[in-house]
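One file, query12.tsv, carrying TSV, C-alpha atoms and all ligand atoms:
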```tsv
chain	number	residue	atom	x	y	z
A	152	MET	CA	89.64	89.09	109.50
A	153	SER	CA	89.57	91.77	112.20
A	154	ARG	CA	88.81	95.40	111.34
A	155	LYS	CA	92.37	96.26	112.33
A	156	ASP	CA	93.81	93.71	109.87
A	157	ARG	CA	91.65	94.80	106.95
A	158	GLU	CA	93.31	96.78	104.23
A	159	GLY	CA	92.23	98.26	100.94
A	160	LEU	CA	92.63	96.23	97.79
A	161	HIS	CA	96.07	96.46	96.15
A	162	LEU	CA	96.13	93.81	93.46
A	163	PRO	CA	99.15	92.01	91.99
A	164	ALA	CA	99.89	93.19	88.42
A	165	ASP	CA	98.30	90.30	86.48
A	166	LEU	CA	95.05	90.50	88.45
A	167	LYS	CA	95.01	94.28	88.23
A	168	GLU	CA	95.23	94.02	84.45
A	169	MET	CA	92.51	91.34	84.31
A	170	LEU	CA	90.12	93.43	86.44
A	171	LYS	CA	90.87	96.78	84.77
A	172	GLY	CA	87.65	98.82	84.60
A	173	TYR	CA	85.70	96.48	86.90
A	174	SER	CA	83.97	98.00	89.92
A	175	LYS	CA	84.93	96.16	93.13
A	176	ARG	CA	82.36	96.04	95.90
A	177	SER	CA	83.40	94.61	99.24
A	178	ILE	CA	80.66	92.12	100.19
A	179	TRP	CA	82.01	89.87	102.93
A	180	HIS	CA	84.51	89.75	105.78
A	181	SER	CA	85.13	86.61	107.80
A	182	TYR	CA	87.87	86.24	110.38
A	183	VAL	CA	90.20	84.89	107.69
A	184	ALA	CA	88.93	86.22	104.35
A	185	ASP	CA	87.69	89.27	102.47
A	186	VAL	CA	85.48	88.91	99.40
A	187	TRP	CA	84.79	91.46	96.66
A	188	LYS	CA	82.20	91.30	93.90
A	189	CYS	CA	83.87	92.55	90.71
A	190	ILE	CA	81.53	93.85	87.99
A	191	GLU	CA	82.39	94.91	84.46
A	192	PRO	CA	80.92	98.36	83.56
A	193	GLU	CA	78.27	96.86	81.22
A	194	GLY	CA	77.54	94.26	83.89
A	195	SER	CA	78.08	91.42	81.44
A	196	SER	CA	80.86	89.80	83.41
A	197	VAL	CA	80.97	89.28	87.19
A	198	TYR	CA	83.65	87.65	89.35
A	199	TYR	CA	84.14	87.06	93.05
A	200	LEU	CA	87.58	87.82	94.44
A	201	LYS	CA	88.59	86.07	97.69
A	202	ARG	CA	91.64	87.33	99.56
A	203	HIS	CA	93.28	85.38	102.41
A	204	LYS	CA	96.35	86.24	104.41
A	205	ILE	CA	99.20	83.87	103.55
A	206	LYS	CA	99.93	83.57	107.27
A	207	SER	CA	96.56	82.26	108.38
A	208	CYS	CA	94.83	79.00	109.18
A	209	HIS	CA	93.33	78.93	105.67
A	210	ASP	CA	94.97	76.95	102.85
A	211	SER	CA	94.13	78.90	99.66
A	212	VAL	CA	96.31	76.67	97.48
A	213	LYS	CA	94.24	73.68	98.53
A	214	GLU	CA	90.96	75.59	98.02
A	215	CYS	CA	92.03	76.32	94.45
A	216	GLU	CA	92.98	72.65	93.85
A	217	VAL	CA	89.68	71.37	95.27
A	218	ILE	CA	87.66	73.71	93.04
A	219	ASN	CA	89.60	72.48	89.99
A	220	TRP	CA	89.16	68.84	91.05
A	221	LEU	CA	85.39	69.30	91.46
A	222	GLN	CA	84.86	70.74	87.95
A	223	GLY	CA	82.29	68.63	86.13
A	224	LYS	CA	81.46	66.70	89.31
A	225	LEU	CA	79.41	69.27	91.27
A	226	SER	CA	78.10	72.79	90.73
A	227	VAL	CA	81.07	74.89	91.87
A	228	PRO	CA	82.60	78.13	90.53
A	229	SER	CA	85.67	77.98	88.25
A	230	VAL	CA	89.01	79.54	89.07
A	231	LYS	CA	89.67	82.43	86.67
A	232	CYS	CA	92.97	83.41	88.30
A	233	PHE	CA	95.01	82.47	91.37
A	234	ALA	CA	97.73	84.90	92.45
A	235	ARG	CA	99.73	86.00	95.46
A	236	ASP	CA	101.87	88.86	96.67
A	237	GLY	CA	104.03	89.11	99.79
A	238	LYS	CA	101.05	89.08	102.16
A	239	TYR	CA	97.92	87.63	100.52
A	240	TYR	CA	96.55	84.92	98.25
A	241	TYR	CA	93.94	86.05	95.70
A	242	LEU	CA	91.39	83.64	94.26
A	243	LEU	CA	89.27	85.01	91.41
A	244	LEU	CA	86.13	82.93	90.85
A	245	THR	CA	83.36	82.93	88.27
A	246	GLU	CA	79.95	83.92	89.58
A	247	LYS	CA	77.41	81.20	90.39
A	248	PRO	CA	73.68	81.99	90.38
A	249	GLY	CA	71.52	81.98	93.50
A	250	ILE	CA	71.15	83.57	96.93
A	251	PRO	CA	73.30	82.48	99.89
A	252	ALA	CA	71.16	80.28	102.15
A	253	HIS	CA	71.73	82.41	105.29
A	254	ARG	CA	69.89	85.26	103.55
A	255	LEU	CA	66.82	83.06	103.11
A	256	ILE	CA	66.12	82.21	106.73
A	257	ARG	CA	62.90	84.27	106.70
A	258	ARG	CA	61.66	82.44	103.63
A	259	TYR	CA	62.49	78.93	104.83
A	260	SER	CA	62.02	77.41	108.28
A	261	PRO	CA	64.89	75.29	109.68
A	262	GLU	CA	62.90	72.19	108.74
A	263	GLU	CA	62.56	73.41	105.13
A	264	MET	CA	66.26	74.33	105.03
A	265	ILE	CA	67.06	70.75	106.10
A	266	ARG	CA	64.89	69.40	103.28
A	267	ILE	CA	66.74	71.63	100.80
A	268	LEU	CA	70.31	71.12	101.98
A	269	VAL	CA	70.43	67.46	103.00
A	270	PRO	CA	69.94	66.22	99.39
A	271	ALA	CA	72.88	68.47	98.39
A	272	MET	CA	74.92	67.00	101.25
A	273	ARG	CA	74.07	63.49	100.11
A	274	GLU	CA	74.98	64.34	96.52
A	275	MET	CA	78.40	65.52	97.65
A	276	HIS	CA	78.85	62.53	99.96
A	277	SER	CA	78.14	60.15	97.10
A	278	LEU	CA	81.02	61.46	94.92
A	279	PRO	CA	83.58	58.76	94.17
A	280	PHE	CA	86.86	59.94	95.72
A	281	SER	CA	89.40	57.22	95.02
A	282	GLY	CA	92.56	58.91	93.74
A	283	CYS	CA	91.46	62.24	95.20
A	284	PRO	CA	94.61	64.02	96.43
A	285	PHE	CA	93.07	65.65	99.53
A	286	ASP	CA	93.25	64.33	103.06
A	287	GLU	CA	90.61	65.62	105.47
A	288	GLY	CA	90.47	62.52	107.70
A	289	LEU	CA	90.72	62.67	111.46
A	290	THR	CA	94.52	62.39	111.65
A	291	ALA	CA	94.86	65.34	109.25
A	292	LYS	CA	92.26	67.39	111.13
A	293	LEU	CA	93.87	66.75	114.54
A	294	LYS	CA	97.24	67.73	113.06
A	295	ARG	CA	95.73	70.96	111.70
A	296	ILE	CA	94.15	71.75	115.07
A	297	ARG	CA	97.55	71.36	116.77
A	298	HIS	CA	99.18	73.55	114.11
A	299	ASN	CA	96.49	76.22	114.62
A	300	ILE	CA	96.99	76.18	118.41
A	301	GLU	CA	100.77	76.38	118.05
A	302	HIS	CA	100.50	79.31	115.62
A	303	ASN	CA	97.84	81.08	117.65
A	304	PHE	CA	95.09	80.66	115.02
A	305	ILE	CA	92.65	79.30	117.63
A	306	ARG	CA	89.00	80.43	117.66
A	307	LYS	CA	89.04	83.64	119.67
A	308	ASP	CA	85.28	83.43	120.29
A	309	ILE	CA	85.77	80.15	122.18
A	310	TYR	CA	89.29	80.16	123.61
A	311	ASN	CA	91.11	82.89	125.45
A	312	PRO	CA	93.82	83.87	122.95
A	313	LYS	CA	96.29	84.50	125.80
A	314	SER	CA	96.13	80.89	126.97
A	315	ARG	CA	96.62	77.84	124.79
A	316	ARG	CA	96.14	75.53	127.76
A	317	ASP	CA	92.37	75.07	127.37
A	318	ALA	CA	92.68	74.37	123.66
A	319	LEU	CA	95.52	71.87	124.23
A	320	LYS	CA	93.42	70.13	126.91
A	321	ASP	CA	90.52	69.75	124.47
A	322	LEU	CA	92.91	68.50	121.79
A	323	ASP	CA	94.25	65.86	124.23
A	324	TYR	CA	90.66	64.77	124.83
A	325	LEU	CA	90.02	64.48	121.08
A	326	GLN	CA	93.21	62.52	120.57
A	327	SER	CA	92.41	59.99	123.28
A	328	HIS	CA	88.73	59.55	122.37
A	329	THR	CA	88.79	59.03	118.60
A	330	PRO	CA	85.68	57.16	117.40
A	331	GLY	CA	86.30	53.74	115.80
A	332	GLN	CA	86.43	53.22	112.06
A	333	GLU	CA	85.95	56.44	110.02
A	334	ASP	CA	83.02	56.29	107.62
A	335	LEU	CA	84.76	58.22	104.84
A	336	VAL	CA	82.81	60.15	102.19
A	337	PHE	CA	83.65	63.28	100.18
A	338	THR	CA	82.70	66.01	102.68
A	339	HIS	CA	82.33	69.77	102.29
A	340	GLY	CA	84.18	70.41	105.55
A	341	ASP	CA	82.40	73.70	106.34
A	342	PHE	CA	78.76	72.85	105.75
A	343	CYS	CA	77.27	76.17	106.85
A	344	LEU	CA	74.50	78.26	105.27
A	345	PRO	CA	76.59	81.04	103.63
A	346	ASN	CA	78.47	78.36	101.68
A	347	PHE	CA	75.44	77.32	99.58
A	348	LEU	CA	73.57	79.30	96.97
A	349	LEU	CA	69.87	78.54	96.46
A	350	GLU	CA	67.34	79.20	93.73
A	351	ASP	CA	63.72	77.98	93.69
A	352	GLY	CA	64.28	75.87	96.79
A	353	LYS	CA	67.29	74.02	95.32
A	354	VAL	CA	71.05	74.28	95.79
A	355	THR	CA	72.66	75.96	92.77
A	356	ALA	CA	76.26	76.13	94.03
A	357	TYR	CA	78.69	74.80	96.61
A	358	LEU	CA	81.15	77.48	97.76
A	359	ASP	CA	84.09	77.84	100.14
A	360	LEU	CA	85.71	74.48	99.48
A	361	GLY	CA	89.04	74.88	101.27
A	362	GLU	CA	88.30	72.11	103.76
A	363	ALA	CA	86.58	69.68	101.40
A	364	GLY	CA	87.79	66.11	101.04
A	365	PRO	CA	87.34	62.58	102.38
A	366	CYS	CA	86.26	62.66	106.03
A	367	ASP	CA	83.59	61.02	108.18
A	368	ARG	CA	80.06	62.01	107.08
A	369	TYR	CA	79.34	63.13	110.68
A	370	MET	CA	81.63	66.12	110.12
A	371	ASP	CA	79.14	67.80	107.75
A	372	ILE	CA	76.10	66.65	109.73
A	373	SER	CA	77.42	68.24	112.91
A	374	THR	CA	78.45	71.49	111.17
A	375	PHE	CA	75.05	71.79	109.52
A	376	ALA	CA	73.23	71.43	112.86
A	377	ILE	CA	75.51	74.06	114.43
A	378	THR	CA	74.93	76.51	111.57
A	379	LEU	CA	71.14	76.11	111.90
A	380	CYS	CA	71.30	76.92	115.64
A	381	TYR	CA	73.48	79.93	114.91
A	382	ASN	CA	71.64	81.34	111.89
A	383	TYR	CA	68.14	80.85	113.29
A	384	LYS	CA	69.33	81.94	116.77
A	385	ARG	CA	67.90	78.80	118.36
A	386	TYR	CA	70.98	77.86	120.30
A	387	ASP	CA	69.35	75.03	122.28
A	388	ASN	CA	68.09	73.17	119.23
A	389	PHE	CA	71.30	71.33	118.28
A	390	LEU	CA	70.00	67.83	119.08
A	391	HIS	CA	66.59	68.55	117.59
A	392	TYR	CA	68.18	69.66	114.30
A	393	CYS	CA	70.52	66.65	114.35
A	394	ARG	CA	67.52	64.32	114.65
A	395	LEU	CA	65.83	65.99	111.67
A	396	ILE	CA	69.03	65.88	109.59
A	397	PHE	CA	69.59	62.19	110.40
A	398	ALA	CA	65.99	61.40	109.43
A	399	GLU	CA	66.24	63.31	106.14
A	400	TYR	CA	69.64	61.78	105.39
A	401	GLY	CA	68.36	58.27	106.11
A	402	ILE	CA	70.47	57.37	109.15
A	403	ALA	CA	68.11	55.34	111.32
A	404	ASP	CA	70.38	54.64	114.27
A	405	PRO	CA	72.69	57.63	114.81
A	406	ASP	CA	75.95	57.34	116.73
A	407	TRP	CA	75.47	60.22	119.20
A	408	SER	CA	78.90	60.01	120.76
A	409	LYS	CA	80.48	60.32	117.31
A	410	LEU	CA	78.28	63.33	116.63
A	411	HIS	CA	79.45	65.05	119.83
A	412	TYR	CA	83.05	64.23	118.92
A	413	TYR	CA	82.72	65.98	115.53
A	414	HIS	CA	80.94	68.89	117.22
A	415	LEU	CA	84.09	69.44	119.26
A	416	ILE	CA	86.31	69.04	116.17
A	417	ASN	CA	84.20	71.79	114.59
A	418	GLU	CA	84.69	74.12	117.50
A	419	MET	CA	88.44	73.71	117.32
A	420	LEU	CA	88.91	74.23	113.59
B	1	LIG	N1	81.60	82.30	93.02
B	1	LIG	C1	80.69	82.92	93.74
B	1	LIG	N2	79.46	83.19	93.21
B	1	LIG	C2	78.51	83.84	93.93
B	1	LIG	N3	78.71	84.27	95.22
B	1	LIG	C3	79.91	84.04	95.80
B	1	LIG	C4	80.96	83.34	95.11
B	1	LIG	N4	82.02	83.26	95.93
B	1	LIG	C5	81.68	83.86	97.09
B	1	LIG	N5	80.41	84.35	97.02
B	1	LIG	C6	79.72	85.10	98.07
B	1	LIG	O1	80.66	85.47	99.06
B	1	LIG	C7	80.34	84.90	100.33
B	1	LIG	C8	81.60	84.48	101.06
B	1	LIG	O2	82.35	83.58	100.28
B	1	LIG	P1	83.12	82.34	100.94
B	1	LIG	O3	82.14	81.54	101.73
B	1	LIG	O4	83.87	81.65	99.88
B	1	LIG	O5	84.11	83.12	101.93
B	1	LIG	P2	84.55	82.82	103.45
B	1	LIG	O6	83.49	82.12	104.21
B	1	LIG	O7	85.09	84.05	104.07
B	1	LIG	O8	85.73	81.89	103.13
B	1	LIG	P3	86.75	81.14	104.10
B	1	LIG	O9	85.96	80.21	104.94
B	1	LIG	O10	87.61	80.47	103.06
B	1	LIG	O11	87.46	82.18	104.87
B	1	LIG	C9	79.39	83.74	100.02
B	1	LIG	O12	78.49	83.51	101.10
B	1	LIG	C10	78.66	84.25	98.79
B	1	LIG	O13	77.62	85.13	99.18
B	2	MG	MG	82.05	80.80	103.65
```
Translate the structure described by the file into structure tokens.
Amino acid sequence: MSRKDREGLHLPADLKEMLKGYSKRSIWHSYVADVWKCIEPEGSSVYYLKRHKIKSCHDSVKECEVINWLQGKLSVPSVKCFARDGKYYYLLLTEKPGIPAHRLIRRYSPEEMIRILVPAMREMHSLPFSGCPFDEGLTAKLKRIRHNIEHNFIRKDIYNPKSRRDALKDLDYLQSHTPGQEDLVFTHGDFCLPNFLLEDGKVTAYLDLGEAGPCDRYMDISTFAITLCYNYKRYDNFLHYCRLIFAEYGIADPDWSKLHYYHLINEML
């Protein structure tokens, strides 16, 4: 969310009542969300409040449904309250223990981070998902990319916001070069470091689950390699990190063209 778009916190009545007396510390701004840590005066109860604009590329209703669906299956927060007003969705979550992985890049090398996070990726990918109501497959993702372009929610760090032409050209490429059969597993959908909490070298929580659901496993593998390049500022290491992730994951003969395809999907979402 841009600085211009950010506003103070004016809560809907039910949330205001629930958080009466809590201190609210703003801890995070992304280009779509704001997050506050809400602490009771005695410090005995802590929640995280996520606020998204209703008119944005983020689907808060789905994020709330995914979190509920994952209860008892993986270590995720619980939804304490979900509310909206005329402009925003508000998702109030219980606190999970641990430190976000991007704040541990001095403690762990990229290789160590891969050894910590790939088992968590595999655990998520091994969840049974038959009957799961979410669709994150390629057709759904390509549809979402088109919707984002048409509503001007394209990535402003990659595409010139004044011209949709470049983005539409890339979308045409993606549509005409889809890899063969999708190898569907339950994916996170945004497998980047800030979305995992760690304690003692292990993942303690999966966060930010708005794009989770059945998709090809290469989606998470490609996002993870991108996040390592970005967080460790080693922008030329994408293929190197992919090789290490594949080895740790146990994929002996990677499909590199599929990996590049999902890299581009990532850039457009
Ligand atoms: N339930 C929670 N427990 C502990 N920390 C949390 C929790 N929810 C969020 N956080 C903290 O807030 C940060 C941002 O949260 P999150 O990743 O959900 O927001 P976001 O990336 O802006 O979301 P989105 O991609 O939906 O816009 C996390 O990296 C983590 O530090
Ligand atoms: Mg996040």
I'd like a table as CSV: residues in chain A with an atom no more than 9 Å from ligand LIG 1 (chain B), each row giving the shortest atom pair and its distance in Å to one decimal, all atoms listed in the file counted, sorted by chain and rising residue number.
```
residue,atom,partner,partner_atom,distance
A:Met152,CA,B:LIG1,O11,8.6
A:Ile178,CA,B:LIG1,O1,6.7
A:Trp179,CA,B:LIG1,C8,5.7
A:His180,CA,B:LIG1,O7,6.0
A:Ser181,CA,B:LIG1,O7,4.5
A:Tyr182,CA,B:LIG1,O11,6.9
A:Val183,CA,B:LIG1,O11,4.8
A:Ala184,CA,B:LIG1,O11,4.3
A:Asp185,CA,B:LIG1,O7,6.0
A:Val186,CA,B:LIG1,O1,5.9
A:Trp187,CA,B:LIG1,O1,7.7
A:Lys188,CA,B:LIG1,N5,7.8
A:Val197,CA,B:LIG1,N2,8.7
A:Tyr198,CA,B:LIG1,N1,6.8
A:Tyr199,CA,B:LIG1,N4,5.2
A:Leu200,CA,B:LIG1,N4,7.3
A:Lys201,CA,B:LIG1,O4,6.8
A:Arg202,CA,B:LIG1,O11,8.5
A:His203,CA,B:LIG1,O11,7.1
A:His209,CA,B:LIG1,O10,6.5
A:Asp210,CA,B:LIG1,O10,8.2
A:Ser211,CA,B:LIG1,O10,7.5
A:Glu214,CA,B:LIG1,O10,7.8
A:Val227,CA,B:LIG1,N1,7.5
A:Pro228,CA,B:LIG1,N1,5.0
A:Ser229,CA,B:LIG1,N1,7.6
A:Val230,CA,B:LIG1,N1,8.8
A:Leu243,CA,B:LIG1,N1,8.3
A:Leu244,CA,B:LIG1,N1,5.1
A:Thr245,CA,B:LIG1,N1,5.1
A:Glu246,CA,B:LIG1,N2,3.7
A:Lys247,CA,B:LIG1,N2,4.0
A:Pro248,CA,B:LIG1,C2,6.3
A:Gly249,CA,B:LIG1,C2,7.2
A:Ile250,CA,B:LIG1,O13,7.0
A:Pro251,CA,B:LIG1,O13,5.1
A:Ala252,CA,B:LIG1,O12,8.1
A:His253,CA,B:LIG1,O12,8.0
A:Arg254,CA,B:LIG1,O13,8.9
A:Asp341,CA,B:LIG1,O9,7.6
A:Cys343,CA,B:LIG1,O3,8.9
A:Leu344,CA,B:LIG1,O12,7.8
A:Pro345,CA,B:LIG1,O12,4.0
A:Asn346,CA,B:LIG1,O3,4.9
A:Phe347,CA,B:LIG1,O12,7.1
A:Leu348,CA,B:LIG1,C10,7.3
A:Ala356,CA,B:LIG1,N2,7.8
A:Tyr357,CA,B:LIG1,N1,8.8
A:Leu358,CA,B:LIG1,O4,5.4
A:Asp359,CA,B:LIG1,O4,3.8
A:Leu360,CA,B:LIG1,O10,7.2
A:Gly361,CA,B:LIG1,O10,6.0
A:Glu362,CA,B:LIG1,O10,8.4
```
Now that the selection is made, can you save its residues with C-alpha atoms as a CSV table (one decimal), keeping the file's coordinate frame?
```csv
chain,number,residue,atom,x,y,z
A,152,MET,CA,89.6,89.1,109.5
A,178,ILE,CA,80.7,92.1,100.2
A,179,TRP,CA,82.0,89.9,102.9
A,180,HIS,CA,84.5,89.8,105.8
A,181,SER,CA,85.1,86.6,107.8
A,182,TYR,CA,87.9,86.2,110.4
A,183,VAL,CA,90.2,84.9,107.7
A,184,ALA,CA,88.9,86.2,104.4
A,185,ASP,CA,87.7,89.3,102.5
A,186,VAL,CA,85.5,88.9,99.4
A,187,TRP,CA,84.8,91.5,96.7
A,188,LYS,CA,82.2,91.3,93.9
A,197,VAL,CA,81.0,89.3,87.2
A,198,TYR,CA,83.6,87.6,89.4
A,199,TYR,CA,84.1,87.1,93.0
A,200,LEU,CA,87.6,87.8,94.4
A,201,LYS,CA,88.6,86.1,97.7
A,202,ARG,CA,91.6,87.3,99.6
A,203,HIS,CA,93.3,85.4,102.4
A,209,HIS,CA,93.3,78.9,105.7
A,210,ASP,CA,95.0,77.0,102.8
A,211,SER,CA,94.1,78.9,99.7
A,214,GLU,CA,91.0,75.6,98.0
A,227,VAL,CA,81.1,74.9,91.9
A,228,PRO,CA,82.6,78.1,90.5
A,229,SER,CA,85.7,78.0,88.2
A,230,VAL,CA,89.0,79.5,89.1
A,243,LEU,CA,89.3,85.0,91.4
A,244,LEU,CA,86.1,82.9,90.8
A,245,THR,CA,83.4,82.9,88.3
A,246,GLU,CA,80.0,83.9,89.6
A,247,LYS,CA,77.4,81.2,90.4
A,248,PRO,CA,73.7,82.0,90.4
A,249,GLY,CA,71.5,82.0,93.5
A,250,ILE,CA,71.2,83.6,96.9
A,251,PRO,CA,73.3,82.5,99.9
A,252,ALA,CA,71.2,80.3,102.2
A,253,HIS,CA,71.7,82.4,105.3
A,254,ARG,CA,69.9,85.3,103.6
A,341,ASP,CA,82.4,73.7,106.3
A,343,CYS,CA,77.3,76.2,106.8
A,344,LEU,CA,74.5,78.3,105.3
A,345,PRO,CA,76.6,81.0,103.6
A,346,ASN,CA,78.5,78.4,101.7
A,347,PHE,CA,75.4,77.3,99.6
A,348,LEU,CA,73.6,79.3,97.0
A,356,ALA,CA,76.3,76.1,94.0
A,357,TYR,CA,78.7,74.8,96.6
A,358,LEU,CA,81.2,77.5,97.8
A,359,ASP,CA,84.1,77.8,100.1
A,360,LEU,CA,85.7,74.5,99.5
A,361,GLY,CA,89.0,74.9,101.3
A,362,GLU,CA,88.3,72.1,103.8
```
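The spacing separating atom CA of A:Gln222 from atom CA of A:Ala234 amounts to 19.7 Å.
Between atom CA of A:Asn219 and atom CA of A:Glu287 the interatomic distance comes to 17.0 Å.
Atom CA of A:Val336 lies 5.1 Å from atom CA of A:His276.
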Please identify all polymer residues within 10 Å of A:Tyr400, counting all atoms listed in the file, omitting same-chain residues fewer than 3 positions from it, and present them as a ChimeraX atom specification. /A:265-266,268-270,272-273,372,394-397,403
Write out as a ChimeraX atom specification each polymer residue whose atoms come within 12 Å of A:Tyr412, counting all atoms listed in the file; drop sequence neighbours fewer than 4 positions from it. /A:289,293,321-322,324-331,367,369-370,372-374,406-408,416-419
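Nearest residue to A:Ser226 among A:Tyr392, A:Lys292, A:Ala271, A:Leu170 is A:Ala271, counting only C-alpha atoms.
For the set A:Lys204, A:His339, A:His411, A:Arg368, the residue with the smallest atom-to-atom gap to ligand MG 2 (chain B) is A:His339, counting all atoms listed in the file.
Proximity of A:Gly340, A:Leu255, A:Gly352, A:Glu262 to ligand MG 2 (chain B), computed with only C-alpha atoms and all ligand atoms, is greatest for A:Gly340.
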If you count only C-alpha atoms and all ligand atoms, the residue of A:Asp236, A:Thr378, A:Gly159, A:Met169 closest to ligand MG 2 (chain B) turns out to be A:Thr378
